[in-house]
$ cat final_16.csv   # CSV, C-alpha atoms
chain,number,residue,atom,x,y,z
W,1,MET,CA,-10.4,35.9,41.8
W,2,SER,CA,-7.0,35.3,40.4
W,3,SER,CA,-6.5,32.1,42.4
W,4,LYS,CA,-9.8,30.8,41.0
W,5,ILE,CA,-8.6,31.5,37.5
W,6,LYS,CA,-5.3,29.8,38.3
W,7,ARG,CA,-7.1,26.7,39.7
W,8,ASN,CA,-9.3,26.6,36.6
W,9,VAL,CA,-6.3,26.8,34.3
W,10,LEU,CA,-4.5,24.1,36.3
W,11,LYS,CA,-7.6,21.9,36.0
W,12,SER,CA,-7.9,22.4,32.3
W,13,MET,CA,-4.2,21.7,31.9
W,14,ILE,CA,-4.5,18.4,33.8
W,15,ILE,CA,-7.5,17.4,31.7
W,16,GLY,CA,-5.6,18.3,28.6
W,17,VAL,CA,-2.6,16.2,29.6
W,18,LEU,CA,-4.8,13.3,30.5
W,19,ALA,CA,-6.5,13.5,27.0
W,20,TYR,CA,-3.0,13.6,25.4
W,21,MET,CA,-1.9,10.5,27.3
W,22,GLY,CA,-5.2,8.8,26.3
W,23,ALA,CA,-4.4,9.5,22.7
W,24,LEU,CA,-1.0,7.9,23.1
W,25,GLY,CA,-2.8,4.8,24.4
W,26,VAL,CA,-4.7,4.4,21.1
W,27,PRO,CA,-3.4,1.1,19.6
W,28,GLN,CA,-0.9,1.8,16.8
W,29,THR,CA,-1.5,0.3,13.4
W,30,ALA,CA,0.9,-1.9,11.6
W,31,GLN,CA,3.8,-0.2,9.9
W,32,ALA,CA,5.0,-2.8,7.5
W,33,GLU,CA,6.7,-2.0,4.2
W,34,TYR,CA,4.6,-0.6,1.4
W,35,ALA,CA,3.3,-3.4,-0.8
W,36,ASP,CA,3.8,-6.2,1.7
W,37,VAL,CA,1.1,-8.8,1.0
W,38,VAL,CA,-0.4,-11.0,3.7
W,39,ILE,CA,-2.0,-14.2,2.2
W,40,ASN,CA,-4.3,-16.1,4.5
W,41,ASN,CA,-6.6,-18.0,2.2
W,42,TYR,CA,-6.0,-21.4,3.8
W,43,ALA,CA,-3.1,-20.9,6.2
W,44,ASP,CA,-5.0,-20.2,9.4
W,45,ALA,CA,-7.4,-23.0,8.8
W,46,ALA,CA,-4.5,-25.4,8.3
W,47,GLY,CA,-2.9,-24.3,11.6
W,48,MET,CA,-0.1,-22.3,9.9
W,49,ARG,CA,0.8,-18.6,10.3
W,50,PRO,CA,-0.4,-16.6,7.2
W,51,ALA,CA,2.3,-16.2,4.5
W,52,VAL,CA,3.8,-12.7,4.1
W,53,PHE,CA,5.1,-11.8,0.6
W,54,PRO,CA,7.5,-8.8,0.6
W,55,HIS,CA,7.3,-7.1,-2.8
W,56,TRP,CA,10.3,-4.8,-2.0
W,57,PHE,CA,12.6,-7.8,-1.5
W,58,HIS,CA,11.6,-9.5,-4.7
W,59,ARG,CA,11.6,-6.4,-6.9
W,60,ILE,CA,15.3,-5.8,-6.1
W,61,ARG,CA,15.9,-9.2,-7.7
W,62,PHE,CA,13.2,-9.7,-10.4
W,63,ARG,CA,11.2,-7.4,-12.6
W,64,CYS,CA,7.4,-7.5,-12.2
W,65,LYS,CA,7.1,-9.4,-15.5
W,66,VAL,CA,8.8,-12.5,-14.1
W,67,CYS,CA,6.0,-13.3,-11.7
W,68,HIS,CA,3.1,-11.4,-13.2
W,69,ALA,CA,3.5,-12.6,-16.7
W,70,ASP,CA,5.7,-15.7,-16.7
W,71,LEU,CA,4.4,-17.3,-13.5
W,72,GLY,CA,0.8,-16.3,-13.8
W,73,PHE,CA,0.4,-14.3,-10.6
W,74,ALA,CA,-2.8,-12.2,-10.8
W,75,PHE,CA,-2.7,-8.5,-9.8
W,76,LYS,CA,-4.7,-9.4,-6.7
W,77,ALA,CA,-3.8,-10.3,-3.2
W,78,GLY,CA,-4.8,-13.8,-2.5
W,79,GLY,CA,-6.2,-14.1,-6.0
W,80,ASN,CA,-4.2,-17.2,-7.0
W,81,LYS,CA,-5.5,-19.7,-4.5
W,82,ILE,CA,-1.9,-20.9,-3.9
W,83,THR,CA,-1.6,-24.1,-2.0
W,84,MET,CA,1.5,-26.0,-1.0
W,85,ALA,CA,0.6,-28.7,-3.5
W,86,LYS,CA,1.0,-26.2,-6.3
W,87,ILE,CA,4.2,-24.9,-4.9
W,88,ILE,CA,5.9,-28.3,-4.7
W,89,ASP,CA,4.7,-28.9,-8.3
W,90,GLY,CA,6.8,-25.9,-9.3
W,91,LYS,CA,4.0,-23.5,-9.8
W,92,PHE,CA,3.7,-19.9,-8.4
W,93,CYS,CA,6.3,-19.5,-5.6
W,94,GLY,CA,7.6,-23.0,-6.3
W,95,ALA,CA,9.0,-21.9,-9.7
W,96,CYS,CA,11.9,-20.2,-7.8
W,97,HIS,CA,11.6,-21.5,-4.3
W,98,ASN,CA,12.8,-25.0,-5.3
W,99,GLY,CA,16.4,-25.0,-3.9
W,100,GLU,CA,17.8,-23.9,-7.3
W,101,ILE,CA,17.0,-20.3,-7.9
W,102,SER,CA,16.1,-19.6,-4.2
W,103,TRP,CA,15.8,-21.5,-1.0
W,104,SER,CA,13.4,-24.5,-0.9
W,105,VAL,CA,10.1,-25.0,0.7
W,106,GLU,CA,11.3,-26.8,3.8
W,107,ASN,CA,11.9,-23.3,5.3
W,108,CYS,CA,8.2,-23.1,6.2
W,109,ALA,CA,8.4,-20.3,8.7
W,110,MET,CA,10.3,-17.9,6.3
W,111,CYS,CA,7.0,-17.3,4.4
W,112,HIS,CA,4.5,-18.4,7.0
W,113,SER,CA,5.7,-15.6,9.4
W,114,GLY,CA,2.6,-13.5,9.7
W,115,VAL,CA,0.6,-12.6,12.8
W,116,PRO,CA,-2.1,-15.3,13.0
W,117,GLY,CA,-5.6,-14.3,12.3
W,118,GLN,CA,-4.8,-11.5,9.9
W,119,PRO,CA,-7.0,-11.2,6.8
W,120,THR,CA,-5.5,-11.5,3.3
W,121,HIS,CA,-4.6,-7.9,2.5
W,122,PHE,CA,-2.3,-5.6,0.7
W,123,HIS,CA,-0.4,-3.5,3.2
W,124,GLY,CA,-0.3,0.2,2.6
W,125,SER,CA,-2.5,0.2,-0.5
W,126,THR,CA,-4.4,3.4,-1.2
W,127,VAL,CA,-7.7,1.6,-0.5
W,128,GLN,CA,-6.4,0.4,2.8
W,129,ARG,CA,-5.1,3.9,3.7
W,130,LEU,CA,-8.6,5.3,3.3
W,131,ILE,CA,-10.9,2.6,4.4
W,132,ALA,CA,-10.4,-0.8,5.9
W,133,PRO,CA,-11.4,-3.2,3.2
W,134,ALA,CA,-13.2,-6.3,4.4
W,135,TYR,CA,-12.0,-9.7,3.1
W,136,LYS,CA,-14.2,-12.7,2.9
W,137,PRO,CA,-12.2,-15.9,3.3
W,138,LEU,CA,-12.2,-17.8,0.0
W,139,GLN,CA,-14.8,-20.5,-0.3
W,140,VAL,CA,-13.0,-23.8,-0.6
W,141,LYS,CA,-14.7,-25.9,-3.3
W,142,ASP,CA,-15.7,-29.3,-2.0
W,143,THR,CA,-14.1,-31.7,-4.5
W,144,THR,CA,-15.3,-34.9,-2.8
W,145,LYS,CA,-18.8,-34.5,-4.2
C,1,MET,CA,-11.1,32.9,28.6
C,2,ASN,CA,-10.6,30.3,31.3
C,3,GLN,CA,-14.1,29.0,30.6
C,4,LYS,CA,-13.2,28.6,27.0
C,5,THR,CA,-10.0,26.7,27.7
C,6,LYS,CA,-11.8,24.5,30.1
C,7,ALA,CA,-14.6,23.8,27.6
C,8,ILE,CA,-12.1,22.9,24.8
C,9,SER,CA,-10.1,20.6,27.1
C,10,LEU,CA,-13.3,18.9,28.3
C,11,THR,CA,-14.5,18.3,24.8
C,12,CYS,CA,-11.1,16.9,23.9
C,13,ALA,CA,-11.1,14.5,26.8
C,14,VAL,CA,-14.7,13.3,26.1
C,15,MET,CA,-13.9,12.8,22.4
C,16,MET,CA,-10.8,10.8,23.2
C,17,ALA,CA,-12.6,8.7,25.8
C,18,ALA,CA,-15.4,8.0,23.3
C,19,PHE,CA,-12.9,7.2,20.6
C,20,MET,CA,-11.0,4.7,22.8
C,21,TRP,CA,-14.2,3.1,24.0
C,22,ASN,CA,-15.3,2.8,20.5
C,23,THR,CA,-12.1,1.1,19.3
C,24,GLN,CA,-12.1,-1.3,22.2
C,25,SER,CA,-15.7,-2.3,21.9
C,26,HIS,CA,-15.2,-2.8,18.2
C,27,ALA,CA,-12.2,-5.1,18.8
C,28,ALA,CA,-14.2,-7.1,21.3
C,29,GLU,CA,-17.0,-7.5,18.8
C,30,VAL,CA,-14.7,-8.8,16.1
C,31,GLY,CA,-13.1,-11.3,18.6
C,32,GLU,CA,-16.5,-12.7,19.6
C,33,LYS,CA,-17.8,-13.5,16.1
C,34,GLU,CA,-17.4,-17.1,15.1
C,35,SER,CA,-16.8,-16.6,11.4
C,36,PRO,CA,-15.6,-13.0,11.3
C,37,LEU,CA,-15.6,-10.8,8.2
C,38,MET,CA,-12.0,-9.9,8.6
C,39,LEU,CA,-10.9,-6.3,8.4
C,40,ALA,CA,-7.5,-5.0,7.4
C,41,GLU,CA,-6.1,-2.3,9.6
C,42,VAL,CA,-6.4,1.2,8.2
C,43,SER,CA,-2.8,2.3,7.9
C,44,SER,CA,-2.6,6.0,7.8
C,45,VAL,CA,-6.0,7.8,8.0
C,46,ASN,CA,-5.9,10.3,10.8
C,47,THR,CA,-2.2,10.9,10.6
C,48,PHE,CA,-3.0,14.6,10.5
C,49,ASN,CA,-4.2,14.4,14.1
C,50,VAL,CA,-1.2,15.7,16.1
C,51,ASN,CA,-2.4,13.8,19.2
C,52,LEU,CA,-2.0,10.5,17.5
C,53,LYS,CA,1.4,8.7,17.6
C,54,LYS,CA,3.6,9.5,14.7
C,55,PRO,CA,5.4,6.6,13.0
C,56,LYS,CA,8.6,6.1,15.0
C,57,SER,CA,10.7,5.3,11.9
C,58,ARG,CA,10.3,4.2,8.4
C,59,ASN,CA,11.1,0.8,7.0
C,60,LEU,CA,11.0,-1.1,10.3
C,61,PRO,CA,12.6,-4.6,10.5
C,62,PRO,CA,10.1,-7.4,10.0
C,63,ALA,CA,9.8,-8.3,13.7
C,64,GLU,CA,8.5,-4.8,14.6
C,65,ASP,CA,6.4,-4.0,11.5
C,66,GLY,CA,3.1,-5.3,12.9
C,67,ILE,CA,2.3,-7.9,10.3
C,68,HIS,CA,5.1,-10.4,11.0
C,69,ASP,CA,4.9,-12.5,14.1
C,70,PRO,CA,7.8,-11.8,16.4
C,71,GLU,CA,7.2,-15.1,18.1
C,72,ASN,CA,8.1,-16.9,14.9
C,73,GLU,CA,11.9,-17.6,15.0
C,74,ALA,CA,12.4,-17.3,11.3
C,75,THR,CA,10.9,-13.7,11.3
C,76,HIS,CA,14.2,-12.6,12.9
C,77,SER,CA,16.3,-14.1,10.1
C,78,LEU,CA,14.4,-12.2,7.4
C,79,GLN,CA,16.3,-9.3,5.8
C,80,HIS,CA,15.7,-5.8,7.1
C,81,PRO,CA,14.4,-3.4,4.5
C,82,LEU,CA,16.9,-0.7,5.4
C,83,ASP,CA,19.8,-3.1,4.8
C,84,ALA,CA,18.5,-3.9,1.4
C,85,TYR,CA,17.9,-0.2,0.6
C,86,LYS,CA,21.5,1.0,1.3
C,87,GLY,CA,22.7,3.1,-1.6
C,88,LEU,CA,19.4,3.2,-3.4
C,89,PRO,CA,18.0,6.6,-4.4
C,90,PRO,CA,15.5,7.8,-1.8
C,91,SER,CA,11.9,9.1,-2.4
C,92,ASP,CA,9.2,10.6,-0.1
C,93,PHE,CA,6.6,7.9,-0.4
C,94,GLY,CA,5.9,4.1,-0.7
C,95,ASN,CA,9.0,2.2,0.3
C,96,TYR,CA,10.9,5.5,0.4
C,97,VAL,CA,13.0,4.2,-2.5
C,98,ASP,CA,12.9,5.6,-6.0
C,99,TRP,CA,12.7,2.2,-7.8
C,100,VAL,CA,12.7,3.6,-11.4
C,101,LYS,CA,15.8,5.7,-10.7
C,102,ALA,CA,17.5,2.8,-9.0
C,103,ILE,CA,17.1,0.7,-12.2
C,104,ASP,CA,18.1,3.7,-14.4
C,105,GLU,CA,21.2,4.3,-12.4
C,106,GLY,CA,22.1,0.6,-12.4
C,107,LYS,CA,21.9,0.4,-8.6
C,108,ILE,CA,19.7,-2.7,-8.9
C,109,ARG,CA,19.7,-5.2,-11.7
C,110,PRO,CA,16.5,-7.2,-11.3
C,111,ARG,CA,16.3,-10.2,-13.6
C,112,TRP,CA,14.0,-10.0,-16.6
C,113,ASP,CA,14.0,-13.8,-16.8
C,114,ARG,CA,13.6,-16.1,-13.8
C,115,ALA,CA,16.7,-18.2,-14.6
C,116,ASP,CA,18.7,-16.2,-17.1
C,117,PRO,CA,20.6,-13.2,-15.5
C,118,ASN,CA,21.6,-11.8,-18.9
C,119,SER,CA,18.2,-11.5,-20.4
C,120,GLU,CA,17.3,-7.9,-21.2
C,121,PRO,CA,13.8,-6.3,-21.4
C,122,PHE,CA,12.3,-5.0,-24.6
C,123,VAL,CA,12.0,-1.3,-23.7
C,124,MET,CA,9.6,0.9,-25.7
C,125,ASP,CA,10.1,4.6,-25.4
C,126,LEU,CA,6.8,6.1,-26.3
C,127,ASP,CA,5.0,8.8,-24.3
C,128,ILE,CA,1.2,9.0,-24.4
C,129,VAL,CA,-0.4,12.4,-23.5
C,130,ARG,CA,-3.8,12.3,-22.0
C,131,PRO,CA,-5.6,15.6,-21.8
C,132,VAL,CA,-7.5,16.1,-18.5
C,133,LYS,CA,-10.8,17.9,-18.3
C,134,ALA,CA,-10.1,19.4,-14.9
C,135,SER,CA,-7.6,22.2,-14.3
C,136,VAL,CA,-4.8,19.8,-13.1
C,137,PRO,CA,-1.9,19.4,-15.6
C,138,ASP,CA,-2.4,16.9,-18.4
C,139,VAL,CA,-1.1,13.3,-17.9
C,140,VAL,CA,1.9,12.0,-19.7
C,141,PHE,CA,2.2,8.2,-19.6
C,142,PRO,CA,5.8,7.1,-20.3
C,143,HIS,CA,6.0,3.6,-21.7
C,144,ARG,CA,9.7,3.5,-21.1
C,145,GLN,CA,9.6,3.2,-17.3
C,146,HIS,CA,6.8,0.7,-17.5
C,147,THR,CA,8.4,-1.6,-20.1
C,148,GLU,CA,11.5,-1.8,-18.0
C,149,TRP,CA,9.5,-3.7,-15.5
C,150,LEU,CA,6.5,-5.2,-17.3
C,151,LEU,CA,5.5,-7.1,-20.5
C,152,CYS,CA,3.0,-5.5,-22.9
C,153,SER,CA,0.6,-8.3,-22.1
C,154,ASN,CA,0.4,-7.3,-18.4
C,155,CYS,CA,-1.6,-4.2,-19.4
C,156,HIS,CA,-2.8,-4.7,-23.0
C,157,PRO,CA,-5.5,-5.4,-23.9
C,158,ALA,CA,-7.1,-6.4,-20.6
C,159,VAL,CA,-6.5,-3.3,-18.5
C,160,PHE,CA,-5.9,-0.7,-21.3
C,161,VAL,CA,-7.2,-1.1,-24.8
C,162,PRO,CA,-4.3,-0.1,-27.0
C,163,GLN,CA,-6.3,2.4,-29.0
C,164,ARG,CA,-6.8,6.1,-28.8
C,165,LEU,CA,-9.9,7.4,-26.9
C,166,ALA,CA,-10.8,3.8,-26.0
C,167,ASN,CA,-9.9,4.1,-22.3
C,168,GLN,CA,-12.0,5.9,-19.7
C,169,ILE,CA,-9.8,6.6,-16.8
C,170,SER,CA,-10.8,8.5,-13.7
C,171,MET,CA,-9.1,9.2,-10.4
C,172,SER,CA,-12.0,7.5,-8.6
C,173,ALA,CA,-11.3,4.3,-10.5
C,174,ILE,CA,-7.6,4.6,-9.7
C,175,LEU,CA,-8.2,5.1,-6.0
C,176,LEU,CA,-10.4,2.1,-6.0
C,177,GLY,CA,-7.6,0.0,-7.5
C,178,GLN,CA,-8.6,-0.1,-11.2
C,179,LYS,CA,-6.8,1.0,-14.3
C,180,CYS,CA,-3.5,2.6,-13.2
C,181,GLY,CA,-4.6,1.8,-9.6
C,182,LEU,CA,-4.1,-1.9,-10.3
C,183,CYS,CA,-0.4,-1.2,-9.5
C,184,HIS,CA,-0.2,2.5,-8.4
C,185,GLY,CA,-1.3,2.7,-4.8
C,186,LYS,CA,-0.3,-0.9,-4.2
C,187,VAL,CA,3.2,-1.6,-5.4
C,188,SER,CA,4.4,1.1,-7.7
C,189,PHE,CA,4.4,4.7,-6.4
C,190,PRO,CA,1.3,5.4,-4.3
C,191,VAL,CA,-1.6,7.8,-5.1
C,192,GLU,CA,-1.2,10.7,-2.7
C,193,THR,CA,-0.7,14.5,-2.9
C,194,LYS,CA,3.1,14.2,-3.2
C,195,THR,CA,2.8,12.0,-6.3
C,196,CYS,CA,0.1,13.9,-8.3
C,197,ARG,CA,2.6,15.6,-10.5
C,198,LYS,CA,4.4,12.4,-11.4
C,199,CYS,CA,1.6,11.7,-13.8
C,200,HIS,CA,0.0,15.1,-14.1
C,201,SER,CA,3.2,16.6,-15.5
C,202,LYS,CA,2.3,18.4,-18.7
C,203,PRO,CA,1.2,22.0,-18.1
C,204,LYS,CA,-2.0,23.1,-19.8
C,205,PRO,CA,-1.6,25.3,-23.0
C,206,ALA,CA,-1.1,29.0,-22.2
C,207,ASP,CA,-4.5,29.9,-23.5
C,208,TRP,CA,-6.3,27.2,-21.5
C,209,GLU,CA,-9.2,28.3,-19.4
C,210,PRO,CA,-11.1,26.0,-17.0
C,211,PRO,CA,-14.5,25.2,-18.5
C,212,LEU,CA,-17.4,26.8,-16.7
C,213,SER,CA,-19.7,24.4,-14.9
C,214,GLU,CA,-23.3,24.1,-16.3
C,215,ALA,CA,-24.7,25.7,-13.1
C,216,THR,CA,-22.6,28.8,-13.7
C,217,LEU,CA,-23.5,28.9,-17.4
C,218,LYS,CA,-27.2,28.8,-16.6
C,219,ASN,CA,-26.9,31.4,-13.9
C,220,PRO,CA,-23.9,33.6,-14.7
C,221,TRP,CA,-22.1,35.9,-12.3
C,222,LYS,CA,-23.6,39.3,-12.1
$ encode --input "final_16.csv" --output "structure tokens"
Amino acid sequence: MSSKIKRNVLKSMIIGVLAYMGALGVPQTAQAEYADVVINNYADAAGMRPAVFPHWFHRIRFRCKVCHADLGFAFKAGGNKITMAKIIDGKFCGACHNGEISWSVENCAMCHSGVPGQPTHFHGSTVQRLIAPAYKPLQVKDTTK
Amino acid sequence: MNQKTKAISLTCAVMMAAFMWNTQSHAAEVGEKESPLMLAEVSSVNTFNVNLKKPKSRNLPPAEDGIHDPENEATHSLQHPLDAYKGLPPSDFGNYVDWVKAIDEGKIRPRWDRADPNSEPFVMDLDIVRPVKASVPDVVFPHRQHTEWLLCSNCHPAVFVPQRLANQISMSAILLGQKCGLCHGKVSFPVETKTCRKCHSKPKPADWEPPLSEATLKNPWK
């Protein structure tokens, strides 16, 4: 009788350990900094890695107002439809990333450093903590017509 | 007793297997679609589950954080958050840095103007008290901390009408990223249990009683 109980306990323990190991195998989610923004409106389609914007790095150096009032950045990830053409014209990122205030745009891979295929998203936002928001890629307007 | 343990372990194992199968099949599904509706990863739901991996450490370097591509050479030349946060006052949420305190203590001096390092913000010290219907403490909105970072036009009048009783704010709206949630829960301190009292900071008056719900009023306790 007691040996049967022992065997059963052993069996349950083994199953328990297996279940625990299984849980460890569950893919781990990204652990980027709070407020890191991945912008992938056009990058993937153009064969570039998506751009990653670290809010933490920039807020040490500039107040929110500089970008969100002076430079016209919307309070929305991917909401500005930024293209490299706008950047080299001195708009958005290009207002500082021009070789004068900060390093210039020839350092492509410093921004375009994201894991390819990621959607545009705001890492660590409350909405993302609770549900995985779906992002539809922006519709590019056909200007040739 | 042994039956019970066995049953619990078995259920556990089956649930784990089902969960893993589910995630894998889902991943395969997403990969197959031609023009996928892309999903961001859920970052912290289920953290209460002790069987799931706990975050190894906070503020990981870019190459290990899951959104930067470690195969990209320049990723390794990006600054590590922990190097940047040295000496800054800590907090329990967000970047684990108390940004407002950092500015108050002069630990960081972020520019107010893109090019002019000596430009100073126009700080307005005005607290707005918002009574809350529910039993949580009332909200005090401090303009001072906000005008250190932002311009009036960032919030007024598009997000908040600068007029008494003109703004309907609810926690649901905030959690969905509107009103305060436009920044809080994204960049400025997050919306979680640890941060409730940062806004809900004014205790109710001593004689305050929670209003009875209509259902109770119609059908009072006997």
$ residues_around --input "final_16.csv" --residues "Ala95 of chain W" --least-positions-apart "2" --cutoff "12 Å" --atoms "all atoms listed in the file" --output "ChimeraX atom specification"
/W:66-67,70-73,86-93,97-105 /C:113-115
$ closest_residue --input "final_16.csv" --among "C:Pro142, C:Gly87, C:Pro137, C:Gly181" --to "chain W" --atoms "all atoms listed in the file"
C:Gly181
$ atom_distance --input "final_16.csv" --atom1 "atom CA of Arg129 of chain W" --atom2 "atom CA of Val187 of chain C"
13.5 Å
$ atom_distance --input "final_16.csv" --atom1 "atom CA of Pro50 of chain W" --atom2 "atom CA of His112 of chain W"
5.2 Å
$ closest_residue --input "final_16.csv" --among "C:Pro190, C:Pro210, C:Pro117, C:Pro220" --to "Ser91 of chain C" --atoms "only C-alpha atoms"
C:Pro190
$ closest_residue --input "final_16.csv" --among "W:Lys6, W:His121, W:Arg59, W:His68" --to "Ala84 of chain C" --atoms "only C-alpha atoms"
W:Arg59
$ residues_around --input "final_16.csv" --residues "segment 114-116 of chain W" --least-positions-apart "4" --cutoff "6 Å" --atoms "only C-alpha atoms" --output "compact mmCIF listing (two decimals) with C-alpha atoms, keeping the file's coordinate frame"
# COMPACT_ATOMS: atom_id res chain seq x y z
CA ARG W 49 0.80 -18.60 10.30
CA PRO W 50 -0.40 -16.60 7.20
CA ALA W 51 2.30 -16.20 4.50
CA VAL W 52 3.80 -12.70 4.10
CA ILE C 67 2.30 -7.90 10.30
CA HIS C 68 5.10 -10.40 11.00
CA ASP C 69 4.90 -12.50 14.10
$ residues_around --input "final_16.csv" --residues "segment 34-36 of chain W" --least-positions-apart "2" --cutoff "8 Å" --atoms "all atoms listed in the file" --output "PyMOL selection string"
(chain W and resi 32+38+52-56+122-125) or (chain C and resi 94-95+186-187)
$ atom_distance --input "final_16.csv" --atom1 "atom CA of Thr75 of chain C" --atom2 "atom CA of Ala63 of chain C"
6.0 Å
$ closest_residue --input "final_16.csv" --among "W:Ala19, W:Ala43, W:Ala85, W:Ala30" --to "Ser113 of chain W" --atoms "only C-alpha atoms"
W:Ala43
$ closest_residue --input "final_16.csv" --among "W:Ile14, W:Lys4, W:Glu33, W:Cys96" --to "Asp65 of chain C" --atoms "only C-alpha atoms"
W:Glu33
$ closest_residue --input "final_16.csv" --among "W:Tyr20, W:Gly79, W:Leu10, W:Gly47" --to "chain C" --atoms "all atoms listed in the file"
W:Tyr20
$ closest_atom_pairs --input "final_16.csv" --of "segment 4-103 of chain W" --to "segment 163-178 of chain C" --cutoff "12 Å" --atoms "all atoms listed in the file" --output "CSV"
residue,atom,partner,partner_atom,distance
W:Phe75,CA,C:Gly177,CA,10.1
W:Lys76,CA,C:Gly177,CA,9.9
W:Ala77,CA,C:Gly177,CA,11.8
